[in-house]
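J.: Sharing model29.cif (mmCIF, N, CA and C atoms) below.
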data_input
#
loop_
_atom_site.label_atom_id
_atom_site.label_comp_id
_atom_site.auth_asym_id
_atom_site.auth_seq_id
_atom_site.Cartn_x
_atom_site.Cartn_y
_atom_site.Cartn_z
N MET A 1 114.70 101.91 91.08
CA MET A 1 116.10 101.70 91.32
C MET A 1 116.38 100.33 91.91
N THR A 2 115.57 99.92 92.86
CA THR A 2 115.82 98.63 93.49
C THR A 2 115.58 97.50 92.50
N ASN A 3 114.69 97.72 91.52
CA ASN A 3 114.44 96.68 90.54
C ASN A 3 115.68 96.42 89.69
N SER A 4 116.43 97.47 89.34
CA SER A 4 117.63 97.27 88.53
C SER A 4 118.70 96.55 89.34
N TYR A 5 118.81 96.87 90.63
CA TYR A 5 119.77 96.17 91.47
C TYR A 5 119.39 94.70 91.63
N GLN A 6 118.11 94.43 91.81
CA GLN A 6 117.66 93.05 91.92
C GLN A 6 117.89 92.30 90.62
N TYR A 7 117.65 92.97 89.50
CA TYR A 7 117.86 92.35 88.20
C TYR A 7 119.34 92.04 87.99
N GLN A 8 120.22 92.97 88.34
CA GLN A 8 121.66 92.73 88.20
C GLN A 8 122.12 91.61 89.12
N ASN A 9 121.59 91.57 90.32
CA ASN A 9 121.93 90.52 91.27
C ASN A 9 121.49 89.15 90.72
N GLN A 10 120.27 89.10 90.16
CA GLN A 10 119.77 87.86 89.58
C GLN A 10 120.64 87.42 88.41
N LEU A 11 121.07 88.36 87.56
CA LEU A 11 121.94 88.02 86.43
C LEU A 11 123.28 87.46 86.91
N ALA A 12 123.85 88.05 87.95
CA ALA A 12 125.12 87.57 88.49
C ALA A 12 124.97 86.15 89.03
N GLN A 13 123.85 85.88 89.70
CA GLN A 13 123.61 84.54 90.22
C GLN A 13 123.46 83.54 89.08
N ASP A 14 122.76 83.93 88.04
CA ASP A 14 122.59 83.03 86.89
C ASP A 14 123.93 82.73 86.21
N ARG A 15 124.76 83.75 86.04
CA ARG A 15 126.07 83.54 85.42
C ARG A 15 126.92 82.58 86.24
N LEU A 16 126.91 82.76 87.57
CA LEU A 16 127.68 81.87 88.44
C LEU A 16 127.16 80.44 88.32
N GLY A 17 125.84 80.27 88.28
CA GLY A 17 125.27 78.94 88.13
C GLY A 17 125.66 78.28 86.82
N PHE A 18 125.68 79.06 85.73
CA PHE A 18 126.09 78.50 84.43
C PHE A 18 127.55 78.09 84.44
N ARG A 19 128.40 78.89 85.10
CA ARG A 19 129.83 78.52 85.17
C ARG A 19 130.03 77.23 85.95
N ILE A 20 129.34 77.12 87.08
CA ILE A 20 129.48 75.90 87.90
C ILE A 20 128.96 74.70 87.12
N THR A 21 127.83 74.86 86.42
CA THR A 21 127.28 73.77 85.61
C THR A 21 128.24 73.34 84.52
N ALA A 22 128.87 74.28 83.87
CA ALA A 22 129.81 73.95 82.80
C ALA A 22 131.00 73.18 83.35
N ARG A 23 131.53 73.60 84.50
CA ARG A 23 132.68 72.90 85.10
C ARG A 23 132.31 71.47 85.49
N LEU A 24 131.12 71.31 86.08
CA LEU A 24 130.70 69.97 86.49
C LEU A 24 130.42 69.09 85.29
N SER A 25 129.86 69.66 84.23
CA SER A 25 129.57 68.88 83.02
C SER A 25 130.85 68.41 82.34
N ASP A 26 131.91 69.22 82.37
CA ASP A 26 133.19 68.82 81.77
C ASP A 26 133.78 67.62 82.47
N ALA A 27 133.60 67.53 83.78
CA ALA A 27 134.21 66.44 84.55
C ALA A 27 133.38 65.16 84.50
N THR A 28 132.12 65.19 84.05
CA THR A 28 131.28 63.99 84.07
C THR A 28 131.69 62.98 83.00
N ASP A 29 132.38 63.38 81.96
CA ASP A 29 132.78 62.45 80.90
C ASP A 29 133.76 61.40 81.41
N SER A 30 134.57 61.75 82.39
CA SER A 30 135.58 60.82 82.87
C SER A 30 135.09 59.96 84.04
N LEU A 31 133.84 60.11 84.49
CA LEU A 31 133.31 59.32 85.61
C LEU A 31 132.87 57.94 85.13
N PRO A 32 132.93 56.93 86.02
CA PRO A 32 132.41 55.60 85.67
C PRO A 32 130.89 55.65 85.47
N HIS A 33 130.38 54.63 84.75
CA HIS A 33 128.96 54.59 84.37
C HIS A 33 128.03 54.57 85.58
N ASP A 34 128.34 53.78 86.62
CA ASP A 34 127.45 53.67 87.77
C ASP A 34 127.34 55.01 88.52
N ILE A 35 128.43 55.75 88.62
CA ILE A 35 128.39 57.04 89.30
C ILE A 35 127.59 58.05 88.46
N SER A 36 127.79 58.04 87.17
CA SER A 36 127.05 58.98 86.32
C SER A 36 125.55 58.67 86.34
N GLU A 37 125.16 57.40 86.47
CA GLU A 37 123.74 57.04 86.57
C GLU A 37 123.15 57.50 87.89
N ARG A 38 123.90 57.37 88.97
CA ARG A 38 123.42 57.85 90.27
C ARG A 38 123.26 59.37 90.25
N LEU A 39 124.20 60.06 89.62
CA LEU A 39 124.09 61.52 89.51
C LEU A 39 122.87 61.92 88.67
N ARG A 40 122.62 61.18 87.58
CA ARG A 40 121.48 61.47 86.73
C ARG A 40 120.18 61.28 87.52
N ALA A 41 120.07 60.19 88.31
CA ALA A 41 118.87 59.93 89.11
C ALA A 41 118.69 61.03 90.17
N ALA A 42 119.78 61.46 90.78
CA ALA A 42 119.70 62.53 91.77
C ALA A 42 119.26 63.84 91.12
N ARG A 43 119.74 64.09 89.89
CA ARG A 43 119.35 65.30 89.16
C ARG A 43 117.86 65.28 88.86
N VAL A 44 117.33 64.13 88.45
CA VAL A 44 115.90 64.02 88.14
C VAL A 44 115.07 64.26 89.40
N GLN A 45 115.51 63.72 90.54
CA GLN A 45 114.80 63.93 91.79
C GLN A 45 114.83 65.41 92.19
N ALA A 46 115.99 66.05 92.02
CA ALA A 46 116.12 67.46 92.39
C ALA A 46 115.22 68.33 91.53
N VAL A 47 115.15 68.04 90.24
CA VAL A 47 114.28 68.82 89.36
C VAL A 47 112.82 68.61 89.73
N GLY A 48 112.45 67.38 90.07
CA GLY A 48 111.08 67.10 90.50
C GLY A 48 110.72 67.85 91.77
N ARG A 49 111.62 67.89 92.72
CA ARG A 49 111.37 68.62 93.96
C ARG A 49 111.31 70.13 93.70
N ARG A 50 112.12 70.59 92.79
CA ARG A 50 112.12 72.02 92.45
C ARG A 50 110.77 72.42 91.86
N LYS A 51 110.21 71.57 91.01
CA LYS A 51 108.90 71.87 90.42
C LYS A 51 107.82 71.92 91.49
N MET A 52 107.89 71.01 92.48
CA MET A 52 106.91 71.01 93.56
C MET A 52 107.06 72.26 94.40
N ALA A 53 108.29 72.69 94.66
CA ALA A 53 108.52 73.88 95.47
C ALA A 53 108.03 75.13 94.74
N LEU A 54 108.15 75.16 93.43
CA LEU A 54 107.69 76.33 92.68
C LEU A 54 106.18 76.47 92.71
N ARG A 55 105.46 75.37 92.84
CA ARG A 55 104.01 75.46 92.90
C ARG A 55 103.54 76.19 94.15
N HIS A 56 104.30 76.06 95.24
CA HIS A 56 103.91 76.67 96.51
C HIS A 56 104.63 77.98 96.76
N ALA A 57 105.41 78.45 95.81
CA ALA A 57 106.15 79.69 96.01
C ALA A 57 105.24 80.89 95.84
N VAL A 58 105.72 82.02 96.28
CA VAL A 58 104.97 83.26 96.13
C VAL A 58 104.93 83.62 94.66
N THR A 59 103.72 83.86 94.14
CA THR A 59 103.58 84.18 92.72
C THR A 59 103.28 85.64 92.49
N GLY A 60 102.90 86.38 93.51
CA GLY A 60 102.61 87.79 93.32
C GLY A 60 102.89 88.58 94.58
N LEU A 61 103.46 89.76 94.40
CA LEU A 61 103.76 90.64 95.52
C LEU A 61 103.42 92.04 95.09
N ALA A 62 102.50 92.68 95.80
CA ALA A 62 102.10 94.04 95.47
C ALA A 62 102.33 94.92 96.69
N VAL A 63 103.06 96.01 96.50
CA VAL A 63 103.35 96.93 97.59
C VAL A 63 102.90 98.32 97.18
N SER A 64 102.14 98.96 98.05
CA SER A 64 101.68 100.32 97.80
C SER A 64 101.84 101.10 99.10
N GLY A 65 102.86 101.93 99.16
CA GLY A 65 103.11 102.68 100.39
C GLY A 65 103.52 101.74 101.50
N SER A 66 102.79 101.78 102.61
CA SER A 66 103.12 100.91 103.73
C SER A 66 102.28 99.63 103.72
N ALA A 67 101.38 99.49 102.75
CA ALA A 67 100.54 98.30 102.67
C ALA A 67 101.04 97.37 101.58
N GLY A 68 100.89 96.09 101.79
CA GLY A 68 101.33 95.11 100.79
C GLY A 68 100.46 93.88 100.82
N SER A 69 100.52 93.12 99.76
CA SER A 69 99.78 91.86 99.72
C SER A 69 100.59 90.82 98.99
N ILE A 70 100.44 89.57 99.40
CA ILE A 70 101.16 88.46 98.79
C ILE A 70 100.14 87.48 98.25
N THR A 71 100.35 87.05 97.02
CA THR A 71 99.49 86.03 96.40
C THR A 71 100.26 84.72 96.39
N LEU A 72 99.69 83.68 96.95
CA LEU A 72 100.35 82.40 97.03
C LEU A 72 99.78 81.44 96.00
N GLY A 73 100.63 80.99 95.12
CA GLY A 73 100.29 79.91 94.19
C GLY A 73 99.06 80.14 93.35
N GLN A 74 98.70 79.11 92.60
CA GLN A 74 97.53 79.14 91.74
C GLN A 74 96.44 78.25 92.33
N GLU A 75 96.40 78.15 93.64
CA GLU A 75 95.43 77.28 94.28
C GLU A 75 94.04 77.88 94.19
N HIS A 76 93.05 77.03 93.92
CA HIS A 76 91.66 77.46 93.90
C HIS A 76 90.98 76.83 95.10
N PHE A 77 90.25 77.63 95.85
CA PHE A 77 89.68 77.15 97.10
C PHE A 77 88.34 76.47 96.92
N GLY A 78 87.80 76.50 95.74
CA GLY A 78 86.55 75.81 95.48
C GLY A 78 85.35 76.53 96.06
N TRP A 79 84.28 75.76 96.20
CA TRP A 79 83.00 76.32 96.62
C TRP A 79 83.07 76.86 98.05
N TRP A 80 83.68 76.11 98.96
CA TRP A 80 83.76 76.55 100.36
C TRP A 80 84.62 77.80 100.51
N GLY A 81 85.67 77.89 99.75
CA GLY A 81 86.53 79.08 99.81
C GLY A 81 85.80 80.32 99.34
N ARG A 82 85.02 80.18 98.27
CA ARG A 82 84.24 81.32 97.79
C ARG A 82 83.18 81.73 98.80
N LEU A 83 82.56 80.75 99.42
CA LEU A 83 81.56 81.05 100.45
C LEU A 83 82.21 81.77 101.63
N ALA A 84 83.37 81.30 102.05
CA ALA A 84 84.07 81.93 103.17
C ALA A 84 84.51 83.35 102.81
N ALA A 85 84.83 83.59 101.56
CA ALA A 85 85.22 84.94 101.15
C ALA A 85 84.01 85.87 101.08
N ALA A 86 82.81 85.33 100.85
CA ALA A 86 81.61 86.16 100.73
C ALA A 86 81.00 86.48 102.09
N ILE A 87 81.35 85.75 103.13
CA ILE A 87 80.75 85.97 104.45
C ILE A 87 81.03 87.38 104.98
N PRO A 88 82.26 87.92 104.92
CA PRO A 88 82.46 89.29 105.40
C PRO A 88 81.65 90.33 104.63
N LEU A 89 81.51 90.14 103.33
CA LEU A 89 80.71 91.06 102.53
C LEU A 89 79.23 90.98 102.95
N LEU A 90 78.74 89.79 103.17
CA LEU A 90 77.37 89.61 103.62
C LEU A 90 77.16 90.26 104.99
N ALA A 91 78.12 90.10 105.91
CA ALA A 91 78.02 90.71 107.23
C ALA A 91 78.00 92.24 107.12
N LEU A 92 78.78 92.80 106.21
CA LEU A 92 78.79 94.24 106.00
C LEU A 92 77.43 94.73 105.51
N VAL A 93 76.85 94.05 104.54
CA VAL A 93 75.55 94.45 104.01
C VAL A 93 74.47 94.36 105.09
N VAL A 94 74.46 93.28 105.85
CA VAL A 94 73.47 93.13 106.92
C VAL A 94 73.64 94.23 107.97
N GLY A 95 74.89 94.55 108.31
CA GLY A 95 75.15 95.61 109.28
C GLY A 95 74.67 96.97 108.79
N LEU A 96 74.92 97.28 107.52
CA LEU A 96 74.46 98.56 106.97
C LEU A 96 72.95 98.65 106.94
N ILE A 97 72.28 97.56 106.61
CA ILE A 97 70.81 97.56 106.61
C ILE A 97 70.29 97.75 108.04
N ALA A 98 70.90 97.09 109.01
CA ALA A 98 70.46 97.24 110.41
C ALA A 98 70.66 98.67 110.89
N ILE A 99 71.77 99.30 110.54
CA ILE A 99 72.01 100.69 110.93
C ILE A 99 70.96 101.60 110.31
N ASN A 100 70.63 101.38 109.05
CA ASN A 100 69.62 102.19 108.37
C ASN A 100 68.26 102.05 109.04
N VAL A 101 67.87 100.84 109.41
CA VAL A 101 66.58 100.62 110.06
C VAL A 101 66.53 101.31 111.41
N VAL A 102 67.60 101.20 112.19
CA VAL A 102 67.63 101.83 113.52
C VAL A 102 67.56 103.35 113.39
N GLN A 103 68.31 103.93 112.43
CA GLN A 103 68.28 105.38 112.26
C GLN A 103 66.90 105.86 111.80
N ASP A 104 66.25 105.12 110.92
CA ASP A 104 64.90 105.49 110.49
C ASP A 104 63.93 105.47 111.67
N ASP A 105 64.04 104.45 112.53
CA ASP A 105 63.18 104.38 113.71
C ASP A 105 63.43 105.55 114.65
N ASN A 106 64.69 105.90 114.85
CA ASN A 106 65.02 107.03 115.73
C ASN A 106 64.47 108.34 115.17
N ARG A 107 64.61 108.55 113.85
CA ARG A 107 64.08 109.77 113.23
C ARG A 107 62.55 109.83 113.38
N ALA A 108 61.89 108.72 113.15
CA ALA A 108 60.43 108.68 113.28
C ALA A 108 60.00 108.95 114.72
N ARG A 109 60.74 108.42 115.67
CA ARG A 109 60.42 108.63 117.09
C ARG A 109 60.60 110.12 117.46
N GLU A 110 61.69 110.74 116.98
CA GLU A 110 61.94 112.16 117.27
C GLU A 110 60.85 113.03 116.66
N LEU A 111 60.47 112.76 115.40
CA LEU A 111 59.41 113.54 114.76
C LEU A 111 58.08 113.35 115.47
N ALA A 112 57.81 112.14 115.96
CA ALA A 112 56.57 111.89 116.69
C ALA A 112 56.56 112.67 118.00
N GLU A 113 57.69 112.77 118.67
CA GLU A 113 57.77 113.54 119.92
C GLU A 113 57.53 115.03 119.66
N ILE A 114 58.12 115.54 118.57
CA ILE A 114 57.92 116.95 118.22
C ILE A 114 56.46 117.21 117.88
N ASP A 115 55.86 116.35 117.07
CA ASP A 115 54.45 116.51 116.72
C ASP A 115 53.55 116.45 117.96
N ALA A 116 53.85 115.53 118.84
CA ALA A 116 53.04 115.41 120.06
C ALA A 116 53.19 116.66 120.92
N ALA A 117 54.40 117.20 121.01
CA ALA A 117 54.61 118.41 121.80
C ALA A 117 53.89 119.59 121.18
N LEU A 118 53.91 119.69 119.85
CA LEU A 118 53.20 120.79 119.18
C LEU A 118 51.68 120.68 119.36
N LEU A 119 51.16 119.50 119.26
CA LEU A 119 49.71 119.32 119.33
C LEU A 119 49.16 119.42 120.75
N THR A 120 49.95 119.11 121.74
CA THR A 120 49.49 119.18 123.13
C THR A 120 49.83 120.50 123.79
N ASP A 121 50.51 121.40 123.09
CA ASP A 121 50.89 122.69 123.65
C ASP A 121 49.67 123.60 123.71
N ASP A 122 49.75 124.66 124.53
CA ASP A 122 48.65 125.61 124.67
C ASP A 122 48.50 126.46 123.42
N LEU A 123 49.58 126.72 122.72
CA LEU A 123 49.53 127.55 121.52
C LEU A 123 49.09 126.73 120.32
N PRO A 124 48.39 127.33 119.40
CA PRO A 124 48.05 126.61 118.17
C PRO A 124 49.28 126.49 117.28
N PRO A 125 49.38 125.48 116.40
CA PRO A 125 50.55 125.30 115.54
C PRO A 125 50.80 126.48 114.61
N GLU A 126 49.77 127.27 114.25
CA GLU A 126 49.96 128.41 113.37
C GLU A 126 50.80 129.49 114.03
N ALA A 127 50.81 129.52 115.34
CA ALA A 127 51.57 130.56 116.05
C ALA A 127 53.08 130.39 115.82
N TYR A 128 53.53 129.17 115.66
CA TYR A 128 54.96 128.94 115.44
C TYR A 128 55.41 129.42 114.06
N ALA A 129 54.48 129.50 113.12
CA ALA A 129 54.81 129.96 111.77
C ALA A 129 54.72 131.47 111.65
N ASP A 130 54.17 132.15 112.63
CA ASP A 130 54.01 133.60 112.58
C ASP A 130 55.34 134.29 112.87
N PRO A 131 55.82 135.21 111.98
CA PRO A 131 57.10 135.91 112.23
C PRO A 131 57.05 136.78 113.48
N GLY A 132 55.92 137.29 113.82
CA GLY A 132 55.81 138.11 115.02
C GLY A 132 56.02 137.29 116.28
N PHE A 133 55.60 136.03 116.25
CA PHE A 133 55.79 135.16 117.41
C PHE A 133 57.27 134.89 117.65
N LEU A 134 58.03 134.72 116.57
CA LEU A 134 59.47 134.52 116.70
C LEU A 134 60.12 135.74 117.34
N GLN A 135 59.67 136.96 116.95
CA GLN A 135 60.20 138.19 117.54
C GLN A 135 59.81 138.27 119.00
N PHE A 136 58.59 137.84 119.31
CA PHE A 136 58.12 137.82 120.69
C PHE A 136 59.00 136.91 121.56
N LEU A 137 59.34 135.72 121.03
CA LEU A 137 60.20 134.80 121.79
C LEU A 137 61.59 135.39 122.01
N LYS A 138 62.13 136.09 121.00
CA LYS A 138 63.47 136.69 121.14
C LYS A 138 63.47 137.79 122.19
N THR A 139 62.47 138.62 122.19
CA THR A 139 62.43 139.71 123.19
C THR A 139 62.20 139.16 124.59
N ASN A 140 61.39 138.14 124.72
CA ASN A 140 61.18 137.53 126.04
C ASN A 140 62.46 136.87 126.54
N ALA A 141 63.21 136.24 125.65
CA ALA A 141 64.48 135.60 126.05
C ALA A 141 65.47 136.66 126.49
N ALA A 142 65.49 137.84 125.82
CA ALA A 142 66.41 138.91 126.19
C ALA A 142 66.02 139.53 127.53
N GLN A 143 64.71 139.63 127.82
CA GLN A 143 64.26 140.20 129.09
C GLN A 143 64.51 139.27 130.27
N ASP A 144 64.49 137.95 130.00
CA ASP A 144 64.70 136.97 131.07
C ASP A 144 66.15 136.95 131.54
N GLN A 145 67.02 137.41 130.71
CA GLN A 145 68.45 137.38 131.10
C GLN A 145 68.72 138.56 131.90
#
Starting from the file, lay out its structure as C-alpha cells.

T.:
Amino acid sequence: MTNSYQYQNQLAQDRLGFRITARLSDATDSLPHDISERLRAARVQAVGRRKMALRHAVTGLAVSGSAGSITLGQEHFGWWGRLAAAIPLLALVVGLIAINVVQDDNRARELAEIDAALLTDDLPPEAYADPGFLQFLKTNAAQDQ
C-alpha cells in the first residue's frame, strides 16, 4: 500500500516539475542572449552537480520486519575493504576452533578422572557392570535414609 502512495506522490512531483519547466521554457525566447547564455551555463553546472550527488545517493534499501539495511553507491572498497570484511569471519572461525579444543580437553580430563577413580577403588570394575550390585546400592541408599 505504501508503495502505491509513494508512486502517486512521485508522479505528482514529476507532473509539477514538467509544468514549471514548460512555463520557464516559454519565457526564455524573449530573454536577451547574454542572460540566456548565463542560464544555460547554470543549467549545465546544476546537471553536473546532480550527477555527482546521484553517485553518492542511497541505491538500495531492504527492510524485513524491524531490521533494515542500506546500500550506498556502487563504491568498491578494493583489497583492503575485502580484507576488513573477512576479519570478523576469521575471528568467528578461530573462536569456534578454540571452543572445540577447550571442550575436548575438558571431556578428556573428566573421563580420566572417572577412569582413575574406578581403577583406584576397592571394588573391581566388573562389579559396576553387575546388575545385582546396582540393586545392592539402591537398597543401601534406602536404608541410609

J.: Between atom N of Tyr128 in chain A and atom N of Arg107 in chain A, measure the distance and give it in Å to one decimal.

T.: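 Atom N of Arg107 in chain A lies 23.5 Å from atom N of Tyr128 in chain A.
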
J.: Could you tell me how far atom C of Ala129 in chain A lies from atom C of Glu110 in chain A, in Å and to one decimal?

T.: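 Result for atom C of Ala129 in chain A versus atom C of Glu110 in chain A: 20.1 Å, one decimal.
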
J.: One decimal, in Å: what's the spacing between atom N of Thr21 in chain A and CA of Arg43 in chain A?

T.: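 So the two atoms, atom N of Thr21 in chain A and CA of Arg43 in chain A, lie 13.1 Å apart.
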
J.: Give me the box for range 79-90 of chain A as lines of an AutoDock Vina configuration file, namely the centre and edge lengths in Å to one decimal of a box along x, y and z that holds every listed atom plus 4 Å on each side.

T.:
center_x = 81.8
center_y = 83.4
center_z = 100.8
size_x = 17.4
size_y = 23.3
size_z = 17.2
